[in-house]
>>> print(open('final_17.cif').read())   # mmCIF, C-alpha atoms
data_structure
loop_
_atom_site.label_atom_id
_atom_site.label_comp_id
_atom_site.auth_asym_id
_atom_site.auth_seq_id
_atom_site.Cartn_x
_atom_site.Cartn_y
_atom_site.Cartn_z
CA MET Q 1 -25.29 -9.07 -19.34
CA LEU Q 2 -23.49 -6.76 -16.90
CA GLN Q 3 -19.69 -6.95 -16.87
CA VAL Q 4 -19.27 -6.58 -13.12
CA MET Q 5 -16.11 -5.33 -11.38
CA THR Q 6 -15.27 -5.27 -7.69
CA PRO Q 7 -14.90 -1.86 -5.97
CA ASP Q 8 -11.12 -2.27 -5.82
CA GLU Q 9 -11.03 -3.08 -9.54
CA VAL Q 10 -13.02 0.07 -10.28
CA LEU Q 11 -10.54 2.22 -8.36
CA SER Q 12 -7.67 0.57 -10.26
CA LEU Q 13 -9.55 1.22 -13.50
CA ILE Q 14 -9.85 4.91 -12.62
CA ASP Q 15 -6.11 5.17 -11.95
CA GLY Q 16 -5.28 3.37 -15.18
CA GLN Q 17 -7.71 5.08 -17.55
CA PHE Q 18 -7.65 8.67 -16.31
CA HIS Q 19 -4.80 11.05 -15.60
CA PRO Q 20 -4.42 14.52 -14.05
CA LEU Q 21 -5.48 17.27 -16.43
CA ASN Q 22 -2.58 19.50 -15.29
CA ILE Q 23 -4.46 22.72 -15.97
CA GLN Q 24 -3.17 25.33 -13.55
CA GLU Q 25 -4.02 28.88 -12.59
CA ARG Q 26 -2.58 31.43 -10.20
CA VAL Q 27 -4.78 32.61 -7.35
CA SER Q 28 -4.40 35.13 -4.57
CA LEU Q 29 -3.54 33.92 -1.09
CA TYR Q 30 -7.01 35.07 -0.03
CA ASP Q 31 -8.64 32.78 -2.61
CA ALA Q 32 -6.42 29.75 -2.04
CA VAL Q 33 -8.28 27.91 0.73
CA GLY Q 34 -10.03 24.79 -0.56
CA ARG Q 35 -7.99 24.72 -3.77
CA VAL Q 36 -5.63 21.93 -4.83
CA LEU Q 37 -1.99 22.98 -4.81
CA ALA Q 38 -0.45 22.37 -8.24
CA GLU Q 39 3.25 22.80 -7.34
CA ASP Q 40 5.45 22.00 -4.38
CA VAL Q 41 6.08 24.99 -2.14
CA CYS Q 42 9.52 25.50 -0.61
CA ALA Q 43 10.51 28.31 1.72
CA GLY Q 44 12.50 31.17 0.23
CA GLU Q 45 13.46 32.84 3.49
CA TYR Q 46 13.92 32.29 7.21
CA VAL Q 47 10.80 32.21 9.39
CA PRO Q 48 11.21 33.74 11.86
CA ASP Q 49 14.03 35.91 10.58
CA PHE Q 50 15.33 36.65 14.06
CA ASP Q 51 15.64 34.96 17.45
CA ARG Q 52 12.41 35.47 19.46
CA SER Q 53 11.23 35.13 23.03
CA THR Q 54 8.17 33.01 23.77
CA VAL Q 55 7.58 34.64 27.17
CA ASP Q 56 7.49 38.02 28.84
CA GLY Q 57 10.69 38.25 30.84
CA TYR Q 58 14.42 38.60 30.37
CA ALA Q 59 16.88 37.37 27.77
CA VAL Q 60 20.00 35.92 29.42
CA ARG Q 61 23.05 33.81 28.84
CA ALA Q 62 21.90 30.50 30.32
CA SER Q 63 25.31 29.86 31.90
CA ASP Q 64 24.90 33.04 33.98
CA THR Q 65 21.88 31.50 35.77
CA PHE Q 66 23.28 28.07 36.61
CA GLY Q 67 22.95 27.28 40.32
CA CYS Q 68 20.60 30.14 41.19
CA SER Q 69 17.53 29.67 43.37
CA ASP Q 70 14.99 31.59 45.44
CA ALA Q 71 17.50 31.70 48.26
CA ILE Q 72 20.50 32.55 46.09
CA PRO Q 73 19.29 34.47 43.03
CA ALA Q 74 21.54 35.39 40.14
CA ILE Q 75 21.57 39.18 40.26
CA LEU Q 76 21.98 40.70 36.78
CA PRO Q 77 21.85 44.32 35.61
CA VAL Q 78 19.21 45.10 32.97
CA SER Q 79 21.28 46.47 30.10
CA ALA Q 80 18.37 47.26 27.75
CA GLU Q 81 14.71 46.74 26.94
CA VAL Q 82 13.53 45.53 23.53
CA LEU Q 83 10.03 46.70 22.62
CA MET Q 84 7.65 44.72 20.41
CA GLY Q 85 8.44 45.26 16.74
CA GLN Q 86 11.92 46.60 17.42
CA ALA Q 87 15.19 45.00 16.32
CA ALA Q 88 17.63 43.78 18.96
CA ASP Q 89 20.68 45.08 17.11
CA PHE Q 90 23.19 44.66 19.91
CA THR Q 91 24.98 41.83 21.72
CA LEU Q 92 24.26 40.92 25.33
CA SER Q 93 27.41 40.92 27.44
CA PRO Q 94 28.14 38.23 30.05
CA PHE Q 95 26.32 38.66 33.37
CA GLU Q 96 23.74 41.05 31.90
CA CYS Q 97 20.12 40.59 30.96
CA CYS Q 98 17.67 42.31 28.62
CA ALA Q 99 13.93 42.84 29.10
CA VAL Q 100 11.91 41.26 26.26
CA PRO Q 101 8.17 40.78 25.54
CA THR Q 102 6.53 37.62 24.21
CA GLY Q 103 7.40 37.46 20.52
CA GLY Q 104 10.04 40.13 20.85
CA ALA Q 105 13.52 40.00 19.36
CA VAL Q 106 16.34 38.55 21.46
CA PRO Q 107 19.81 40.13 21.19
CA GLY Q 108 22.89 38.28 20.11
CA GLY Q 109 24.76 36.52 22.90
CA ALA Q 110 21.53 35.49 24.68
CA ASP Q 111 20.57 31.84 24.43
CA ALA Q 112 17.61 31.63 26.84
CA CYS Q 113 14.72 33.66 28.23
CA VAL Q 114 13.48 33.60 31.81
CA MET Q 115 9.78 34.12 32.57
CA ILE Q 116 9.07 37.27 34.55
CA GLU Q 117 7.38 35.06 37.17
CA TYR Q 118 10.80 33.62 38.02
CA THR Q 119 12.46 37.01 38.51
CA GLU Q 120 12.47 39.74 41.09
CA ASP Q 121 12.90 43.43 40.21
CA TYR Q 122 14.98 45.20 42.87
CA GLY Q 123 14.16 48.67 41.54
CA ASP Q 124 17.82 49.68 41.14
CA GLY Q 125 18.32 48.51 37.56
CA THR Q 126 18.99 44.91 38.53
CA VAL Q 127 16.80 41.81 38.67
CA GLY Q 128 17.19 38.57 40.52
CA ILE Q 129 16.87 35.36 38.51
CA LEU Q 130 15.23 32.83 40.82
CA LYS Q 131 15.32 29.75 38.59
CA PRO Q 132 18.12 28.55 36.32
CA ALA Q 133 17.49 28.54 32.57
CA ALA Q 134 18.60 25.88 30.11
CA PRO Q 135 20.11 26.87 26.74
CA GLY Q 136 17.27 27.42 24.25
CA GLN Q 137 14.61 27.69 26.93
CA ASN Q 138 11.61 29.89 26.03
CA MET Q 139 13.14 30.84 22.68
CA ILE Q 140 12.45 30.37 19.00
CA PHE Q 141 15.61 30.70 16.95
CA ARG Q 142 15.96 32.15 13.47
CA GLY Q 143 14.74 29.59 10.93
CA ASP Q 144 13.20 27.26 13.54
CA ASP Q 145 9.96 27.32 11.53
CA VAL Q 146 11.37 27.27 8.00
CA TYR Q 147 14.59 28.09 6.23
CA PRO Q 148 15.39 28.75 2.55
CA GLY Q 149 14.87 25.59 0.50
CA LYS Q 150 12.87 23.69 3.13
CA PRO Q 151 9.88 21.82 1.60
CA VAL Q 152 6.69 23.09 3.20
CA LEU Q 153 3.65 21.98 1.15
CA SER Q 154 3.38 19.25 -1.49
CA ALA Q 155 1.55 19.40 -4.80
CA GLY Q 156 -1.86 17.73 -4.61
CA ARG Q 157 -2.64 19.06 -1.14
CA LEU Q 158 -6.03 20.61 -0.53
CA LEU Q 159 -5.08 23.94 0.99
CA SER Q 160 -6.46 24.58 4.47
CA SER Q 161 -6.69 27.78 6.47
CA GLN Q 162 -3.52 26.85 8.37
CA ASP Q 163 -1.72 26.29 5.07
CA VAL Q 164 -2.73 29.79 4.02
CA GLY Q 165 -1.24 31.06 7.27
CA ALA Q 166 2.05 29.30 6.53
CA LEU Q 167 2.14 30.81 3.04
CA ALA Q 168 1.51 34.26 4.49
CA ALA Q 169 4.37 33.81 6.98
CA MET Q 170 6.72 33.11 4.07
CA GLY Q 171 5.53 36.15 2.12
CA ILE Q 172 3.91 34.02 -0.61
CA THR Q 173 0.89 35.97 -1.87
CA GLU Q 174 0.01 33.87 -4.94
CA VAL Q 175 0.07 30.12 -5.55
CA SER Q 176 -0.46 27.79 -8.52
CA VAL Q 177 -3.53 25.62 -8.08
CA SER Q 178 -5.38 23.11 -10.23
CA LYS Q 179 -8.25 24.52 -12.25
CA ARG Q 180 -11.60 23.79 -10.68
CA LEU Q 181 -13.19 20.92 -12.56
CA SER Q 182 -16.55 21.40 -14.25
CA VAL Q 183 -19.06 18.58 -13.74
CA GLY Q 184 -22.29 18.25 -15.67
CA VAL Q 185 -25.20 16.59 -13.86
CA ILE Q 186 -28.09 15.11 -15.83
CA SER Q 187 -31.18 13.43 -14.38
CA THR Q 188 -33.21 11.11 -16.58
CA GLY Q 189 -36.58 9.46 -16.08
CA ASP Q 190 -40.20 10.01 -17.09
CA GLU Q 191 -41.21 9.75 -13.43
CA LEU Q 192 -39.09 12.68 -12.23
CA VAL Q 193 -40.26 16.21 -11.46
CA PRO Q 194 -38.20 19.10 -10.04
CA PRO Q 195 -38.10 19.40 -6.22
CA GLU Q 196 -40.27 22.53 -6.33
CA ASP Q 197 -43.11 20.69 -8.14
CA LYS Q 198 -45.87 18.63 -6.55
CA PRO Q 199 -45.61 15.04 -7.89
CA SER Q 200 -48.65 13.51 -9.52
CA ALA Q 201 -49.53 9.84 -9.17
CA GLY Q 202 -46.56 7.75 -10.31
CA GLN Q 203 -44.13 10.67 -10.12
CA VAL Q 204 -41.35 11.45 -7.63
CA ARG Q 205 -39.22 14.51 -7.00
CA ASP Q 206 -35.70 14.47 -8.39
CA VAL Q 207 -33.55 13.83 -5.31
CA ASN Q 208 -30.30 12.93 -7.02
CA ALA Q 209 -29.50 16.16 -8.84
CA PRO Q 210 -29.62 18.42 -5.74
CA MET Q 211 -27.80 15.81 -3.66
CA LEU Q 212 -25.07 15.21 -6.26
CA CYS Q 213 -24.61 18.93 -6.91
CA ALA Q 214 -24.19 19.50 -3.18
CA MET Q 215 -21.60 16.71 -2.88
CA LEU Q 216 -19.65 17.95 -5.88
CA LYS Q 217 -19.69 21.59 -4.77
CA ALA Q 218 -18.53 20.58 -1.29
CA TYR Q 219 -15.65 18.76 -2.98
CA GLY Q 220 -14.66 21.94 -4.81
CA ALA Q 221 -16.06 21.29 -8.28
CA GLU Q 222 -17.99 23.73 -10.43
CA VAL Q 223 -21.34 22.11 -11.17
CA ARG Q 224 -23.67 22.58 -14.14
CA SER Q 225 -27.12 21.07 -13.88
CA PHE Q 226 -28.66 20.08 -17.21
CA GLY Q 227 -32.07 19.40 -15.68
CA ILE Q 228 -34.35 16.41 -16.11
CA VAL Q 229 -34.41 14.58 -19.44
CA ARG Q 230 -37.26 12.21 -20.25
CA ASP Q 231 -36.65 8.61 -21.29
CA ASP Q 232 -35.89 9.41 -24.90
CA GLU Q 233 -32.58 8.03 -26.13
CA ARG Q 234 -32.13 10.58 -28.89
CA LEU Q 235 -32.88 13.54 -26.60
CA LEU Q 236 -30.72 12.17 -23.76
CA GLY Q 237 -27.86 11.60 -26.18
CA GLU Q 238 -28.03 15.23 -27.32
CA VAL Q 239 -27.91 16.52 -23.74
CA VAL Q 240 -25.02 14.22 -22.78
CA ARG Q 241 -23.01 15.35 -25.81
CA ARG Q 242 -23.68 19.00 -25.03
CA ALA Q 243 -22.63 18.46 -21.43
CA ALA Q 244 -19.45 16.66 -22.49
CA GLU Q 245 -18.48 19.57 -24.75
CA GLY Q 246 -18.47 22.06 -21.88
CA CYS Q 247 -17.58 19.96 -18.83
CA ASP Q 248 -14.64 17.89 -17.62
CA LEU Q 249 -16.87 15.08 -16.33
CA VAL Q 250 -20.51 14.15 -16.92
CA LEU Q 251 -22.82 12.29 -14.52
CA ILE Q 252 -26.04 10.73 -15.76
CA SER Q 253 -28.39 9.88 -12.92
CA GLY Q 254 -30.80 7.06 -13.82
CA GLY Q 255 -31.02 4.89 -16.90
CA SER Q 256 -28.10 2.68 -15.90
CA SER Q 257 -29.71 -0.74 -15.52
CA VAL Q 258 -30.68 -3.17 -18.29
CA GLY Q 259 -34.27 -2.09 -18.88
CA VAL Q 260 -35.54 -1.40 -22.37
CA LYS Q 261 -35.61 2.37 -21.81
CA ASP Q 262 -32.26 2.51 -20.00
CA ALA Q 263 -30.19 4.06 -22.75
CA SER Q 264 -27.23 5.50 -20.79
CA CYS Q 265 -25.02 2.52 -21.58
CA ARG Q 266 -25.64 2.75 -25.32
CA ILE Q 267 -25.09 6.51 -25.35
CA ILE Q 268 -21.80 6.29 -23.42
CA GLU Q 269 -20.55 3.50 -25.68
CA SER Q 270 -21.47 5.49 -28.79
CA MET Q 271 -19.41 8.47 -27.58
CA GLY Q 272 -16.16 6.60 -27.05
CA THR Q 273 -15.30 3.62 -24.87
CA LEU Q 274 -17.44 1.72 -22.36
CA LEU Q 275 -15.15 0.82 -19.45
CA LEU Q 276 -17.53 -0.95 -17.10
CA HIS Q 277 -21.18 -1.77 -16.60
CA GLY Q 278 -21.76 -3.05 -13.11
CA ILE Q 279 -19.98 -3.00 -9.75
CA ALA Q 280 -20.13 -5.88 -7.29
CA MET Q 281 -21.60 -3.75 -4.51
CA LYS Q 282 -24.93 -3.17 -2.78
CA PRO Q 283 -26.34 -0.65 -3.36
CA GLY Q 284 -24.95 0.60 -6.66
CA LYS Q 285 -24.52 -2.47 -8.87
CA PRO Q 286 -25.90 -0.99 -12.16
CA THR Q 287 -23.19 1.65 -12.49
CA ILE Q 288 -21.66 2.59 -15.85
CA MET Q 289 -18.34 4.24 -16.60
CA GLY Q 290 -16.84 5.20 -19.91
CA LYS Q 291 -14.95 7.95 -21.66
CA THR Q 292 -15.37 10.05 -24.75
CA GLY Q 293 -13.02 9.89 -27.70
CA SER Q 294 -11.12 12.83 -26.18
CA GLY Q 295 -10.80 11.03 -22.83
CA LYS Q 296 -13.48 12.81 -20.79
CA PRO Q 297 -15.11 10.51 -18.21
CA LEU Q 298 -18.81 9.70 -18.41
CA VAL Q 299 -20.51 8.02 -15.44
CA GLY Q 300 -23.98 6.53 -15.36
CA LEU Q 301 -25.32 6.42 -11.81
CA PRO Q 302 -28.18 4.32 -10.48
CA GLY Q 303 -31.43 6.20 -10.06
CA HIS Q 304 -31.88 5.17 -6.42
CA PRO Q 305 -30.59 8.04 -4.27
CA VAL Q 306 -28.75 5.85 -1.75
CA ALA Q 307 -26.99 3.95 -4.53
CA ALA Q 308 -26.14 7.21 -6.33
CA TYR Q 309 -24.70 8.60 -3.10
CA PHE Q 310 -22.43 5.63 -2.45
CA VAL Q 311 -21.19 5.40 -6.04
CA THR Q 312 -20.41 9.12 -6.04
CA LYS Q 313 -18.69 8.96 -2.67
CA LEU Q 314 -16.66 5.85 -3.43
CA PHE Q 315 -15.78 6.35 -7.10
CA VAL Q 316 -16.80 9.72 -8.57
CA LEU Q 317 -14.99 11.79 -5.95
CA PRO Q 318 -11.79 9.70 -6.30
CA LEU Q 319 -12.13 10.18 -10.08
CA LEU Q 320 -12.32 13.95 -9.56
CA ALA Q 321 -9.26 13.76 -7.31
CA ARG Q 322 -7.42 11.84 -10.03
CA LEU Q 323 -8.24 14.48 -12.65
CA GLU Q 324 -7.22 17.30 -10.29
CA GLY Q 325 -4.03 15.63 -9.15
CA ARG Q 326 -5.38 15.83 -5.61
CA ILE Q 327 -4.11 13.64 -2.80
CA ALA Q 328 -7.40 12.01 -1.81
CA GLU Q 329 -8.04 11.41 1.88
CA ARG Q 330 -10.62 9.42 3.81
CA TYR Q 331 -11.46 10.10 7.43
CA THR Q 332 -12.34 6.98 9.37
CA VAL Q 333 -13.05 5.97 12.95
CA THR Q 334 -13.44 2.54 14.54
CA ALA Q 335 -16.70 1.73 16.26
CA ARG Q 336 -18.60 -1.34 17.43
CA LEU Q 337 -21.94 -2.32 15.94
CA THR Q 338 -24.90 -2.08 18.30
CA GLU Q 339 -26.61 -4.99 16.51
CA SER Q 340 -25.92 -7.68 13.96
CA VAL Q 341 -26.05 -6.91 10.23
CA GLY Q 342 -26.64 -9.60 7.63
CA ALA Q 343 -25.04 -9.76 4.18
CA ASN Q 344 -25.25 -12.70 1.81
CA HIS Q 345 -25.38 -11.08 -1.63
CA GLY Q 346 -21.90 -11.93 -2.90
CA ARG Q 347 -21.27 -8.20 -3.22
CA ALA Q 348 -19.58 -5.61 -1.04
CA GLN Q 349 -22.41 -4.21 1.06
CA TYR Q 350 -22.45 -0.61 2.30
CA GLY Q 351 -24.63 0.69 5.08
CA CYS Q 352 -25.08 3.94 6.96
CA VAL Q 353 -24.76 4.38 10.70
CA ARG Q 354 -25.34 6.91 13.43
CA LEU Q 355 -22.50 7.15 15.92
CA GLU Q 356 -22.87 7.28 19.70
CA ARG Q 357 -20.11 8.02 22.19
CA ARG Q 358 -20.47 5.85 25.30
CA ALA Q 359 -18.32 5.40 28.38
CA ASP Q 360 -16.78 2.26 26.84
CA GLY Q 361 -16.08 3.78 23.43
CA LEU Q 362 -17.72 4.61 20.11
CA TRP Q 363 -20.75 2.62 18.96
CA ALA Q 364 -22.41 2.50 15.53
CA HIS Q 365 -26.18 2.16 15.11
CA PRO Q 366 -26.96 0.64 11.68
CA ILE Q 367 -29.65 2.57 9.80
CA ARG Q 368 -31.95 0.03 8.25
CA SER Q 369 -33.95 1.04 5.19
CA LYS Q 370 -35.45 -0.40 2.05
CA SER Q 371 -33.60 0.16 -1.21
CA GLY Q 372 -33.88 3.65 -2.63
CA LEU Q 373 -35.11 5.46 0.49
CA ILE Q 374 -33.15 8.69 0.94
CA THR Q 375 -34.00 8.94 4.66
CA SER Q 376 -31.39 6.28 5.38
CA LEU Q 377 -28.77 8.91 4.46
CA ALA Q 378 -30.35 11.87 6.24
CA GLY Q 379 -28.76 12.22 9.65
CA ALA Q 380 -26.15 9.51 9.03
CA ASP Q 381 -22.74 10.12 10.58
CA GLY Q 382 -20.90 7.68 8.34
CA PHE Q 383 -20.97 4.33 6.58
CA PHE Q 384 -19.22 0.97 6.68
CA CYS Q 385 -18.64 -1.90 4.31
CA ILE Q 386 -19.16 -5.63 4.71
CA ASP Q 387 -16.83 -7.55 2.41
CA ARG Q 388 -18.40 -9.55 -0.42
CA ASP Q 389 -17.11 -12.82 1.08
CA CYS Q 390 -18.63 -12.12 4.50
CA GLU Q 391 -22.14 -13.28 5.40
CA GLY Q 392 -22.65 -10.57 7.98
CA LEU Q 393 -21.31 -9.12 11.20
CA PRO Q 394 -22.47 -9.77 14.76
CA GLY Q 395 -23.42 -7.11 17.25
CA GLY Q 396 -20.32 -5.81 19.00
CA ALA Q 397 -18.08 -6.34 15.98
CA ALA Q 398 -15.52 -3.59 15.41
CA VAL Q 399 -15.94 -1.88 12.04
CA GLU Q 400 -14.19 0.97 10.23
CA ILE Q 401 -16.59 3.85 9.72
CA THR Q 402 -15.98 6.36 6.95
CA VAL Q 403 -17.11 9.72 8.28
CA CYS Q 404 -19.65 11.51 6.07
CA SER Q 405 -19.26 15.05 7.40
CA GLY Q 406 -18.53 17.59 4.69
CA ASP Q 407 -20.49 15.83 1.91
#
>>> encode(input="final_17.cif", output="structure tokens")
Amino acid sequence: MLQVMTPDEVLSLIDGQFHPLNIQERVSLYDAVGRVLAEDVCAGEYVPDFDRSTVDGYAVRASDTFGCSDAIPAILPVSAEVLMGQAADFTLSPFECCAVPTGGAVPGGADACVMIEYTEDYGDGTVGILKPAAPGQNMIFRGDDVYPGKPVLSAGRLLSSQDVGALAAMGITEVSVSKRLSVGVISTGDELVPPEDKPSAGQVRDVNAPMLCAMLKAYGAEVRSFGIVRDDERLLGEVVRRAAEGCDLVLISGGSSVGVKDASCRIIESMGTLLLHGIAMKPGKPTIMGKTGSGKPLVGLPGHPVAAYFVTKLFVLPLLARLEGRIAERYTVTARLTESVGANHGRAQYGCVRLERRADGLWAHPIRSKSGLITSLAGADGFFCIDRDCEGLPGGAAVEITVCSGD
């Protein structure tokens, strides 16, 4: 008899039973993108380290331009010109201006910059300011971006290209990141053949291993495929134990229901602790989760590709995030269903959709498919969930769609 948990209970189980591994390594700035930051990053210097202009024009004291206009310009002598990459190591006197480029240094005493479009060069060393400037206008001041001690990035963040840019601006060339997790993927079933083989009668190609490996690699894990294992409990047990010795997490695809040959549950229980056998969801009910005596997670996935996808997306990836110490994020949009969808199974029901942008908003086309057909995932833009206590949703109902891009 399956001991079934709700999806929320499974997520709570993951948080309670598994903890971050806290294995760190230092990587170069150029290798940091897509890695999970292991330590908070605070600035150690001012960025920028000098006052800068954001326009081509003239640095001025704002008070010297008050009241000027096209008809009555403020006429100021140009005391100096600061070239790009040069220091402005002087102080601007009252009723003077200084020529500066975009991004160039602004001298002391100046508190605003006037765009060249609002000036007139008289050719005698003076310019007319045709529009008054406000203090701080068109300027970035020293430390406006960051200053020593300012928190910039938090541990657990998946580093993006813009994060790498921020690190470079602060002169940080190495960062501590979480070690990439190693995941072993095992397929089991007498009916399975590799994707490159032509199936005989009664056989099917192994869809789950390539799909799961792709999902895990996209999530940043290092994946080891242990191939296809026939329905032999002794042989499967040997492969699972070998995978557990060299990996941080092991996925067994197939063999998770209650059939006579479905040995995954017995194998997982024999290696440590069986935590669950069954999730109140459709598809994906016959899911198994346990851990070895040393605490490594073991997950038995349903053999049906759609069920394996949803279980991996909803629970395996959050489990990986937990082990990495990663701040997990979901990207969702709200859309309206183009047609009604029934649900009366007493389980949370997940379904894929294709999204369409119309003049009146975003619409979701449910992708209808029989259980186990992988084509219901191909081309899907996202998925939604119907709560276990809901008997369905009418056409036009607003639903939260989890976006699938990046799987």
>>> resolve_selection(input="final_17.cif", expression="the PyMOL selection byres ((chain Q and resi 309) around 10)", output="list in words")
Asn208, Met211, Leu212, Met215, Pro283, Gly284, Leu301, Pro302, Gly303, His304, Pro305, Val306, Ala307, Ala308, Phe310, Val311, Thr312, Lys313, Leu314, Val316, Ile374, Leu377 and Asp407 of chain Q
>>> resolve_selection(input="final_17.cif", expression="the PyMOL selection byres ((chain Q and resi 72) around 12)", output="mmCIF file with C-alpha atoms, in the coordinates of the input")
data_model
loop_
_atom_site.group_PDB
_atom_site.id
_atom_site.type_symbol
_atom_site.label_atom_id
_atom_site.label_comp_id
_atom_site.auth_asym_id
_atom_site.auth_seq_id
_atom_site.Cartn_x
_atom_site.Cartn_y
_atom_site.Cartn_z
ATOM 1 C CA THR Q 65 21.880 31.500 35.770
ATOM 2 C CA PHE Q 66 23.280 28.070 36.610
ATOM 3 C CA GLY Q 67 22.950 27.280 40.320
ATOM 4 C CA CYS Q 68 20.600 30.140 41.190
ATOM 5 C CA SER Q 69 17.530 29.670 43.370
ATOM 6 C CA ASP Q 70 14.990 31.590 45.440
ATOM 7 C CA ALA Q 71 17.500 31.700 48.260
ATOM 8 C CA PRO Q 73 19.290 34.470 43.030
ATOM 9 C CA ALA Q 74 21.540 35.390 40.140
ATOM 10 C CA ILE Q 75 21.570 39.180 40.260
ATOM 11 C CA THR Q 119 12.460 37.010 38.510
ATOM 12 C CA GLU Q 120 12.470 39.740 41.090
ATOM 13 C CA GLY Q 128 17.190 38.570 40.520
ATOM 14 C CA ILE Q 129 16.870 35.360 38.510
ATOM 15 C CA LEU Q 130 15.230 32.830 40.820
ATOM 16 C CA LYS Q 131 15.320 29.750 38.590
ATOM 17 C CA PRO Q 132 18.120 28.550 36.320
#
>>> closest_residue(input="final_17.cif", among="Q:Glu391, Q:Glu191, Q:Glu196, Q:Glu324", to="Asn22 (chain Q)", atoms="only C-alpha atoms")
Q:Glu324
>>> residues_around(input="final_17.cif", residues="Gly254 (chain Q)", least_positions_apart="4", cutoff="12 Å", atoms="only C-alpha atoms", output="JSON, numbers by chain")
{"Q": [185, 186, 187, 188, 189, 190, 191, 192, 206, 207, 208, 209, 228, 229, 230, 231, 236, 258, 259, 261, 262, 263, 264, 265, 284, 286, 287, 288, 299, 300, 301, 302, 303, 304, 305, 307, 308]}
>>> write_last_selection(input="final_17.cif", atoms="C-alpha atoms", output="compact mmCIF listing (two decimals), keeping the file's coordinate frame")
# COMPACT_ATOMS: atom_id res chain seq x y z
CA VAL Q 185 -25.20 16.59 -13.86
CA ILE Q 186 -28.09 15.11 -15.83
CA SER Q 187 -31.18 13.43 -14.38
CA THR Q 188 -33.21 11.11 -16.58
CA GLY Q 189 -36.58 9.46 -16.08
CA ASP Q 190 -40.20 10.01 -17.09
CA GLU Q 191 -41.21 9.75 -13.43
CA LEU Q 192 -39.09 12.68 -12.23
CA ASP Q 206 -35.70 14.47 -8.39
CA VAL Q 207 -33.55 13.83 -5.31
CA ASN Q 208 -30.30 12.93 -7.02
CA ALA Q 209 -29.50 16.16 -8.84
CA ILE Q 228 -34.35 16.41 -16.11
CA VAL Q 229 -34.41 14.58 -19.44
CA ARG Q 230 -37.26 12.21 -20.25
CA ASP Q 231 -36.65 8.61 -21.29
CA LEU Q 236 -30.72 12.17 -23.76
CA VAL Q 258 -30.68 -3.17 -18.29
CA GLY Q 259 -34.27 -2.09 -18.88
CA LYS Q 261 -35.61 2.37 -21.81
CA ASP Q 262 -32.26 2.51 -20.00
CA ALA Q 263 -30.19 4.06 -22.75
CA SER Q 264 -27.23 5.50 -20.79
CA CYS Q 265 -25.02 2.52 -21.58
CA GLY Q 284 -24.95 0.60 -6.66
CA PRO Q 286 -25.90 -0.99 -12.16
CA THR Q 287 -23.19 1.65 -12.49
CA ILE Q 288 -21.66 2.59 -15.85
CA VAL Q 299 -20.51 8.02 -15.44
CA GLY Q 300 -23.98 6.53 -15.36
CA LEU Q 301 -25.32 6.42 -11.81
CA PRO Q 302 -28.18 4.32 -10.48
CA GLY Q 303 -31.43 6.20 -10.06
CA HIS Q 304 -31.88 5.17 -6.42
CA PRO Q 305 -30.59 8.04 -4.27
CA ALA Q 307 -26.99 3.95 -4.53
CA ALA Q 308 -26.14 7.21 -6.33
>>> closest_residue(input="final_17.cif", among="Q:Ser178, Q:Thr102, Q:Gln24, Q:Asn344", to="Met281 (chain Q)", atoms="all atoms listed in the file")
Q:Asn344
>>> atom_distance(input="final_17.cif", atom1="CA of Asp145 (chain Q)", atom2="CA of Ala328 (chain Q)")
26.7 Å
>>> atom_distance(input="final_17.cif", atom1="CA of Arg368 (chain Q)", atom2="CA of Cys404 (chain Q)")
17.0 Å
>>> residues_around(input="final_17.cif", residues="Ser176 (chain Q)", least_positions_apart="4", cutoff="8 Å", atoms="all atoms listed in the file", output="list in words")
Gln24, Glu25, Arg26, Val27, Leu37, Ala38 and Glu39 of chain Q
>>> write_last_selection(input="final_17.cif", atoms="C-alpha atoms", output="compact mmCIF listing (two decimals), in the coordinates of the input")
# COMPACT_ATOMS: atom_id res chain seq x y z
CA GLN Q 24 -3.17 25.33 -13.55
CA GLU Q 25 -4.02 28.88 -12.59
CA ARG Q 26 -2.58 31.43 -10.20
CA VAL Q 27 -4.78 32.61 -7.35
CA LEU Q 37 -1.99 22.98 -4.81
CA ALA Q 38 -0.45 22.37 -8.24
CA GLU Q 39 3.25 22.80 -7.34
>>> resolve_selection(input="final_17.cif", expression="the PyMOL selection byres ((chain Q and resi 247) around 12)", output="count of residues only")
30
>>> decode(input="final_17.cif", residues="region 287-292 of chain Q", atoms="N, CA and C atoms", output="short mmCIF file (atom, residue, chain, number, x, y, z; two decimals), in the first residue's frame")
data_model
loop_
_atom_site.label_atom_id
_atom_site.label_comp_id
_atom_site.auth_asym_id
_atom_site.auth_seq_id
_atom_site.Cartn_x
_atom_site.Cartn_y
_atom_site.Cartn_z
N THR Q 287 5.90 7.70 -6.99
CA THR Q 287 7.25 8.23 -6.79
C THR Q 287 7.79 7.77 -5.45
N ILE Q 288 9.09 7.47 -5.41
CA ILE Q 288 9.74 7.00 -4.19
C ILE Q 288 10.86 7.98 -3.83
N MET Q 289 11.03 8.18 -2.53
CA MET Q 289 12.18 8.96 -2.08
C MET Q 289 12.72 8.35 -0.81
N GLY Q 290 14.03 8.27 -0.73
CA GLY Q 290 14.67 7.75 0.47
C GLY Q 290 16.07 8.32 0.56
N LYS Q 291 16.83 7.82 1.53
CA LYS Q 291 18.21 8.25 1.66
C LYS Q 291 19.05 7.10 2.17
N THR Q 292 20.31 7.13 1.79
CA THR Q 292 21.25 6.10 2.23
C THR Q 292 21.59 6.32 3.71
#
